[in-house]
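Reading through the structure tokens given below for one structure.
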Amino acid sequence: MKFPGKGLLDGVFVTIRNFVGSYFEKDRLVTVQYPEERVSLPENSRTFPFLVYDDEPDKMRCTACKICEAECPPQCIYIVMDRDEKGKPLQHPKVFDIDISVCMQCQICVEVCPFDAIKMDNDYEKSRYGRFDELMEHLPDLLKSNEYYHKIKPIEATAVDAKLQAAAERKAKKLVSPAPPAPGTTPETD
Amino acid sequence: MIPAIEQLREATLVAAPGASVEVVASTPAVQQLSLLVDREHLFAVAKFFKQEARFQMDFCSCVTGVDYPAKADKPGFIEVVYHLYSVAQKHGPIILKVRAPRELAQCEVPSLTPLWRGCEFQEREAYDLFGVRFTGHPDLRRILMWDEFTDHPLRKDYQPPLDYEWEPTPHGETLARARQMGGLMPPSASAEKLGSK
Amino acid sequence: MIQAQSAIESSGVTPSTAGIIETQTLEVSIGPQHPSTHGVFRMDVVIDGEVVVKLKPVMGYLHRNHEQLAEKMTWLDSMPYTDRLDYFNSMANNWAYALSVEKLAGIKVPERAEYIRVIVAELTRLLNHTVAIGFLLNDMGAWFTPVLYAFREREKIVDLFEAVSGSRMMCNYYRFGGVRVDFDEKMLAMARDIVERYPQFLDEFEKLLTENEVLLARTQRIGILPREQAINGSITGPVARASGVDYDIRKVDKYGVYGGLDFRVPLGEVGDTYDRYYIRILEMREAIKILQQALCGLPSGPIIAPEVKLRNFRVPAGDGYGRIETPKGELGFYLVADETGKMPYRYHVRPPCFINLTLLEDMCLGHKLADTVVILGSIDIVLGEVDR
């Protein structure tokens with residue numbers, strides 16, 4: 001039965017139902033009282049990158065190969081390889097800067113890293129008191145342990161550990177392999 | 001259905017005699033062959049495709065420009081590409097291309113806005129970003145850049161001006177320009193970085 | 001600002017009550033900082049009393065030179081930038097770009113990836129249309145109640161996107177040849193839950209809005225767009241379909257697996273603002289149907305074509321145009337690759353919102369100043385796409 005004003009009345013009943021219902025149904029009141037409560041983030045959630053080390057910060061997985069620097073779309077990563085006194089490159093970075101005011105959290109650096117050294121963090125509370133140098137993260141800020149990685153992303157970290165373990169075993173098997181092949185025959189490649 | 005490209009070409013030659021129409025190849029995978037028409041006959045060819053009952057291309061989907069600077073043996077040109085579809089018969093695309101010389105004084109192409117109103121903003125954008133002037137356009141002025149801007153940004157030889165906002169992490173060409181401007185480097189960029197890249 | 005004498009000379013319009021009282025037209029600039037222009041967008045409106053006699057849209061305040069940036073980066077590196085074009089439907093923009101590159105390079109996408117793409121794209125359609133209706137009502141003065149109801153539903157979809165791709169809005173989810181992350185059981189359960197509860201939400205939303213007398217008075221017969229004018233003006237998307245243009249790229253090009261899914265394309269008759277509002281509700285119901293079919297028929301298999309490399313991805317020389325039906329209209333990418341094939345030589349976005357604004361003036365003439373905001377809201381623009 002339609003009468004003038006029925007649409008308005010129906011609308012008013014909808015708003016009343018939502019208002020009163022918000023006291024009883026959890027679905028109708030969705031506000032999270034931040035900062036006292038925080039939303040629990042899903043595992044895949046990503047904000048800014050960080051570097052993973054295995055047992056101590058010196059044993060970081062990064063070898064300063066610069067692939068992530070080349071592939072980063074806004075070019076926010078800076079890497080300088082560490083060299084010893086004679087100039088020979090040591091396989092880890094001396095300088096690894098990420099400018100988080102430029103980083104667009106696209107995760108391409110994580111996808112292209114061949115050593116599983118850089119992964120995405122899910123920490124979003126990154127406010128600082130300045131806009132330029134304070135938003136530049138250096139190597140000490142970026143290094144976080146593998147335990148931390150397991151805490152924030154358990155499934156992914158376990159898979160990465162399994163993969164690295166399998167690769168290490170294959171490498172160990174190759175080193176302990178029997179005598180080298182006789183000259184004249186081609187060696188088998190892995 | 002759109003006939004094969006050779007038949008399309010013949011149909012246009014019948015409709016607009018004297019036009020020089022060539023077929024331009026594309027990637028083998030995509031199979032979107034286009035017709036390169038000369039400037040004088042573009043309007044007649046487009047009108048033919050719009051009004052002919054076989055085609056009825058009443059919907060102009062995309063208008064864009066591509067810049068090809070001069071190389072050693074070939075002169076440079078700016079190419080304007082039109083993609084035409086048909087809503088009435090649900091077929092398409094027919095792709096028309098037209099070339100204009102790169103010098104600003106001679107860079108002119110007849111406008112197709114009188115045929116399809118939807119070309120209006122896109123032709124304005126091509127004028128703004130490439131410098132192609134569309135003769136017969138009802139309101140040709142800049143659309144994305146501000147009115148007093150002088151250069152055409154999407155050309156390959158565009159040099160951005162030096163008054164950029166200083167970033168704390170200069171790199172690549174920004175680094176080169178920062179050094180040119182007096183080398184105001186933030187303390188975070190290490191000394192070796194100035195040498196690399 | 002009032003520009004009295006110059007307004008008459010520049011606009012060339014005669015006063016409306018000539019002979020009785022001498023009047024002048026008024027030039028009003030709506031924007032660029034305005035809560036109802038959906039972003040930084042300006043309209044120069046010349047009004048005679050309250051009636052609009054001339055309207056010129058001015059855009060470019062958010063121009064970020066996306067097309068030139070893409071010429072300096074590899075094909076994959078442009079993918080996160082396409083998220084930021086129409087920042088509400090990032091998944092749809094990703095699909096248009098991935099489709100164009102796959103067309104150019106001849107990559108075939110595995111079937112599971114195609115179904116996942118359809119699921120995610122239709123969820124994006126639900127997302128976009130609820131927000132569009134919510135903000136249309138906001139422009140009309142229904143101070144944020146419909147927006148918050150819409151956002152409450154949107155939160156569930158956006159939480160699913162966060163669980164799948166890692167980010168709520170800038171998803172960066174598609175790759176050439178498939179998608180990046182697979183849907184596991186928990187995410188599929190979330191998707192099914194959304195699809196089951198959505199019709200109930202839509203019923204409540206419609207009860208609030210569709211028969212509402214204030215909405216009817218403010219949207220019926222406002223901003224009528226005739227069918228022929230819509231086709232000639234290259235209008236696409238819900239705006240065109242509300243005017244009766246029977247063109248949906250999902251039915252015409254049949255990209256993805258849309259050829260095998262059963263859904264209909266709702267069409268409007270009058271082409272006024274109310275039709276543009278109601279057609280979005282109907283499209284949401286069709287999207288739920290598509291989602292149910294896709295979730296039931298999801299096959300197992302790989303999610304990305306194995307021959308595609310992540311780094312050093314090359315595309316053969318040539319050019320191509322690929323397009324999809326995003327919630328706003330036809331989003332197309334015209335890509336030109338040169339001989340090296342490492343970076344695009346020319347990368348052009350055909351933005352639906354930009355071209356849908358062509359007929360804004362025609363739709364607003366003769367209506368009052370307050371209606372311009374409502375008509376703009378019904379076209380549903382996002383400035384990231386208008387300006388790129």
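Residue numbers start at 1 in each chain; chains themselves are named A, B, ... in the order of the structure tokens; ligands are numbered from 1 in the order shown.
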Polymer residues at most 7 Å from range 91-98 of chain B, only C-alpha atoms, same-chain spacing of 3 or more positions, as a count of residues only:
16
Contacts between chain B and chain C, please, where a residue of chain C counts if it comes within 7 Å (with only C-alpha atoms); show its shortest atom pair and distance in Å to one decimal, rows by chain and ascending number, as a tab-separated table.
```
residue	atom	partner	partner_atom	distance
C:Met59	CA	B:Leu144	CA	6.1
C:Gly60	CA	B:Leu144	CA	4.0
C:His63	CA	B:Leu144	CA	6.5
C:Gln68	CA	B:Leu154	CA	6.4
C:Lys103	CA	B:Val30	CA	5.5
C:Leu104	CA	B:Val30	CA	5.3
C:Ala105	CA	B:Ala29	CA	6.2
C:Gly106	CA	B:Ala29	CA	4.9
C:Ile231	CA	B:Phe59	CA	5.9
C:Asn232	CA	B:Trp116	CA	5.2
C:Gly233	CA	B:Gly118	CA	3.9
C:Ser234	CA	B:Gly118	CA	4.6
C:Tyr247	CA	B:Val87	CA	6.3
C:Val252	CA	B:Lys90	CA	6.5
C:Pro316	CA	B:Thr27	CA	6.5
C:Ala317	CA	B:Thr27	CA	6.0
C:Gly318	CA	B:Thr27	CA	4.5
C:Asp319	CA	B:Ser26	CA	5.7
C:Gly320	CA	B:Val30	CA	6.4
C:Arg346	CA	B:Val66	CA	6.5
C:Arg350	CA	B:Cys62	CA	6.1
C:Ile355	CA	B:Gly118	CA	6.6
C:Thr358	CA	B:Gly118	CA	6.6
C:Asp387	CA	B:Leu144	CA	6.7
```
* Asked: Which neighbours of range 134-150 of chain A fall inside 6 Å, counting only C-alpha atoms, when residues of the same chain fewer than 2 positions from it are skipped, and could you give them as a VMD selection string?
  -> chain A and resid 50 to 54 96 to 100 130 132 152 to 154 157
The distance between CA of Glu122 in chain C and CA of Tyr278 in chain C is 17.9 Å
Practice problem: Write down, as a PyMOL selection string, each residue of chain A that has any atom within 10 Å of an atom of chain C, counting only C-alpha atoms. | Solution: chain A and resi 4-15+18+27-31+41-47+67+71-74+104-108+111-112+120+122
One decimal place gives the CA of Val109 in chain B-CA of Arg124 in chain B separation as 12.3 Å
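When only C-alpha atoms are used to measure the gap to chain B, the shortest distance among A:Asp121, A:Glu56, A:Asp133, A:Glu25 belongs to A:Asp133.
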re CA of Ser100 in chain C and CA of Gln159 in chain B: distance 29.2 Å
Practice prompt. Using DSSP on the backbone coordinates, identify all residues within range 5-153 of chain B classified as strand (DSSP E or B); present the result as a PyMOL selection string.
Written response: chain B and resi 21-24+34-37+59-68+77-85+94-101+108-110+133-135
- Based on DSSP run over this structure's backbone, return all residues of chain A in helix (DSSP H, G or I), as number ranges by chain. A: 6-21, 26-28, 57-59, 67-71, 108-112, 133-135, 139-142, 146-152, 154-175
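Within 9 Å of Pro93 in chain A, once only C-alpha atoms are used and residues closer than 2 positions along the same chain are dropped, the contacting residues are Cys62, Thr63, Ala64, Cys65, Ile79, Val80, Met81, Asp82, Arg83, Leu90, Gln91, Val95, Phe96 and Leu139 of chain A.
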The selected residues should be written to file as a compact mmCIF listing (two decimals), in the first residue's frame (atoms: N, CA, C and O atoms).
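Now in selection-v9.txt:
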```
# COMPACT_ATOMS: atom_id res chain seq x y z
N CYS A 62 71.19 -10.86 2.69
CA CYS A 62 71.39 -9.99 1.53
C CYS A 62 72.84 -10.05 1.07
O CYS A 62 73.75 -9.98 1.90
N THR A 63 73.07 -10.16 -0.24
CA THR A 63 74.43 -10.19 -0.77
C THR A 63 74.74 -8.96 -1.60
O THR A 63 75.70 -8.93 -2.34
N ALA A 64 73.91 -7.93 -1.49
CA ALA A 64 74.13 -6.68 -2.24
C ALA A 64 74.24 -6.91 -3.73
O ALA A 64 75.10 -6.36 -4.40
N CYS A 65 73.35 -7.75 -4.26
CA CYS A 65 73.39 -8.01 -5.70
C CYS A 65 72.72 -6.91 -6.50
O CYS A 65 72.84 -6.88 -7.72
N ILE A 79 71.92 0.90 -2.56
CA ILE A 79 72.78 -0.15 -2.02
C ILE A 79 74.20 0.18 -2.40
O ILE A 79 74.49 0.56 -3.53
N VAL A 80 75.13 0.04 -1.45
CA VAL A 80 76.55 0.11 -1.76
C VAL A 80 77.17 -1.15 -1.19
O VAL A 80 77.00 -1.45 -0.01
N MET A 81 77.89 -1.87 -2.03
CA MET A 81 78.47 -3.15 -1.60
C MET A 81 79.69 -2.87 -0.72
O MET A 81 80.44 -1.94 -0.98
N ASP A 82 79.88 -3.68 0.28
CA ASP A 82 81.05 -3.54 1.16
C ASP A 82 82.27 -4.13 0.48
O ASP A 82 82.21 -5.19 -0.13
N ARG A 83 83.38 -3.42 0.59
CA ARG A 83 84.61 -3.95 0.00
C ARG A 83 85.68 -4.01 1.07
O ARG A 83 85.68 -3.21 1.98
N LEU A 90 82.99 -7.83 -0.80
CA LEU A 90 82.47 -8.80 0.16
C LEU A 90 80.98 -8.92 -0.09
O LEU A 90 80.35 -7.95 -0.44
N GLN A 91 80.40 -10.09 0.12
CA GLN A 91 79.03 -10.25 -0.37
C GLN A 91 78.01 -9.77 0.64
O GLN A 91 77.11 -10.50 1.01
N VAL A 95 75.95 -0.02 2.69
CA VAL A 95 74.88 0.96 2.80
C VAL A 95 73.65 0.35 2.16
O VAL A 95 73.72 -0.15 1.04
N PHE A 96 72.54 0.35 2.89
CA PHE A 96 71.28 -0.13 2.32
C PHE A 96 70.22 0.83 2.83
O PHE A 96 69.79 0.71 3.96
N LEU A 139 70.50 0.67 7.17
CA LEU A 139 70.68 -0.77 7.36
C LEU A 139 70.37 -1.25 8.78
O LEU A 139 69.70 -2.26 8.94
```
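For Gly76 in chain B, the list of residues within 9 Å, based on only C-alpha atoms and with local chain neighbours fewer than 5 positions off taken out, reads B:Asp67, B:Tyr68, B:Pro69, B:Ala70, B:Lys71, B:Ala100, B:Pro101, B:Arg102.
Closest to chain B among A:Asp161, A:Glu85, A:Asp55, A:Glu69 is A:Glu69, based on only C-alpha atoms.
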Practice prompt. Give me the residues within 9 Å of Gln292 in chain C as JSON, numbers by chain, counting only C-alpha atoms and dropping any in the same chain fewer than 3 places off.
Written response: {"C": [119, 192, 195, 196, 287, 288, 289, 295, 296, 297]}
Practice task
Name all residues at most 10 Å from Glu361 in chain C (count only C-alpha atoms; drop same-chain ones fewer than 4 positions away) and give them as a VMD selection string.
Solution key: chain C and resid 43 45 52 to 57 223 357 365 to 366 372
Residue subset to file, keeping N, CA, C and O atoms, as a PDB file, in the first residue's frame:
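Below is the file selection_25.pdb, written as the result:
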```pdb
ATOM      1  N   MET C  43      34.704  23.258 -12.060  1.00  0.00           N
ATOM      2  CA  MET C  43      33.716  23.526 -13.100  1.00  0.00           C
ATOM      3  C   MET C  43      33.486  25.026 -13.121  1.00  0.00           C
ATOM      4  O   MET C  43      33.160  25.612 -12.093  1.00  0.00           O
ATOM      5  N   VAL C  45      31.031  27.582 -14.060  1.00  0.00           N
ATOM      6  CA  VAL C  45      29.612  27.573 -14.388  1.00  0.00           C
ATOM      7  C   VAL C  45      29.151  29.010 -14.537  1.00  0.00           C
ATOM      8  O   VAL C  45      29.482  29.866 -13.714  1.00  0.00           O
ATOM      9  N   VAL C  52      21.648  27.081 -15.049  1.00  0.00           N
ATOM     10  CA  VAL C  52      22.964  27.004 -15.682  1.00  0.00           C
ATOM     11  C   VAL C  52      22.824  27.313 -17.166  1.00  0.00           C
ATOM     12  O   VAL C  52      21.971  26.734 -17.846  1.00  0.00           O
ATOM     13  N   VAL C  53      23.642  28.248 -17.655  1.00  0.00           N
ATOM     14  CA  VAL C  53      23.620  28.493 -19.091  1.00  0.00           C
ATOM     15  C   VAL C  53      24.906  28.044 -19.770  1.00  0.00           C
ATOM     16  O   VAL C  53      24.946  27.902 -20.973  1.00  0.00           O
ATOM     17  N   LYS C  54      25.971  27.865 -19.027  1.00  0.00           N
ATOM     18  CA  LYS C  54      27.219  27.426 -19.641  1.00  0.00           C
ATOM     19  C   LYS C  54      28.021  26.731 -18.567  1.00  0.00           C
ATOM     20  O   LYS C  54      28.015  27.134 -17.418  1.00  0.00           O
ATOM     21  N   LEU C  55      28.743  25.678 -18.959  1.00  0.00           N
ATOM     22  CA  LEU C  55      29.546  24.960 -17.980  1.00  0.00           C
ATOM     23  C   LEU C  55      30.795  24.446 -18.663  1.00  0.00           C
ATOM     24  O   LEU C  55      30.703  23.772 -19.674  1.00  0.00           O
ATOM     25  N   LYS C  56      31.942  24.769 -18.115  1.00  0.00           N
ATOM     26  CA  LYS C  56      33.172  24.241 -18.695  1.00  0.00           C
ATOM     27  C   LYS C  56      33.928  23.486 -17.612  1.00  0.00           C
ATOM     28  O   LYS C  56      34.285  24.072 -16.599  1.00  0.00           O
ATOM     29  N   PRO C  57      34.179  22.199 -17.801  1.00  0.00           N
ATOM     30  CA  PRO C  57      34.982  21.482 -16.803  1.00  0.00           C
ATOM     31  C   PRO C  57      36.466  21.792 -16.989  1.00  0.00           C
ATOM     32  O   PRO C  57      36.949  21.897 -18.109  1.00  0.00           O
ATOM     33  N   GLY C 223      19.279  15.860 -15.735  1.00  0.00           N
ATOM     34  CA  GLY C 223      20.465  15.390 -16.444  1.00  0.00           C
ATOM     35  C   GLY C 223      20.181  14.304 -17.451  1.00  0.00           C
ATOM     36  O   GLY C 223      20.869  13.300 -17.500  1.00  0.00           O
ATOM     37  N   LEU C 357      33.105  12.819 -19.147  1.00  0.00           N
ATOM     38  CA  LEU C 357      32.859  14.206 -18.782  1.00  0.00           C
ATOM     39  C   LEU C 357      32.593  15.088 -19.981  1.00  0.00           C
ATOM     40  O   LEU C 357      32.274  16.264 -19.826  1.00  0.00           O
ATOM     41  N   LEU C 365      22.774  21.801 -18.771  1.00  0.00           N
ATOM     42  CA  LEU C 365      22.163  23.036 -19.236  1.00  0.00           C
ATOM     43  C   LEU C 365      20.690  23.037 -18.926  1.00  0.00           C
ATOM     44  O   LEU C 365      19.991  22.065 -19.163  1.00  0.00           O
ATOM     45  N   GLY C 366      20.217  24.153 -18.413  1.00  0.00           N
ATOM     46  CA  GLY C 366      18.798  24.270 -18.119  1.00  0.00           C
ATOM     47  C   GLY C 366      18.433  23.823 -16.720  1.00  0.00           C
ATOM     48  O   GLY C 366      17.311  24.059 -16.281  1.00  0.00           O
ATOM     49  N   THR C 372      24.000  20.461 -10.732  1.00  0.00           N
ATOM     50  CA  THR C 372      25.263  20.112 -11.384  1.00  0.00           C
ATOM     51  C   THR C 372      26.053  19.145 -10.524  1.00  0.00           C
ATOM     52  O   THR C 372      26.669  18.208 -11.022  1.00  0.00           O
TER      53      THR C 372
END
```
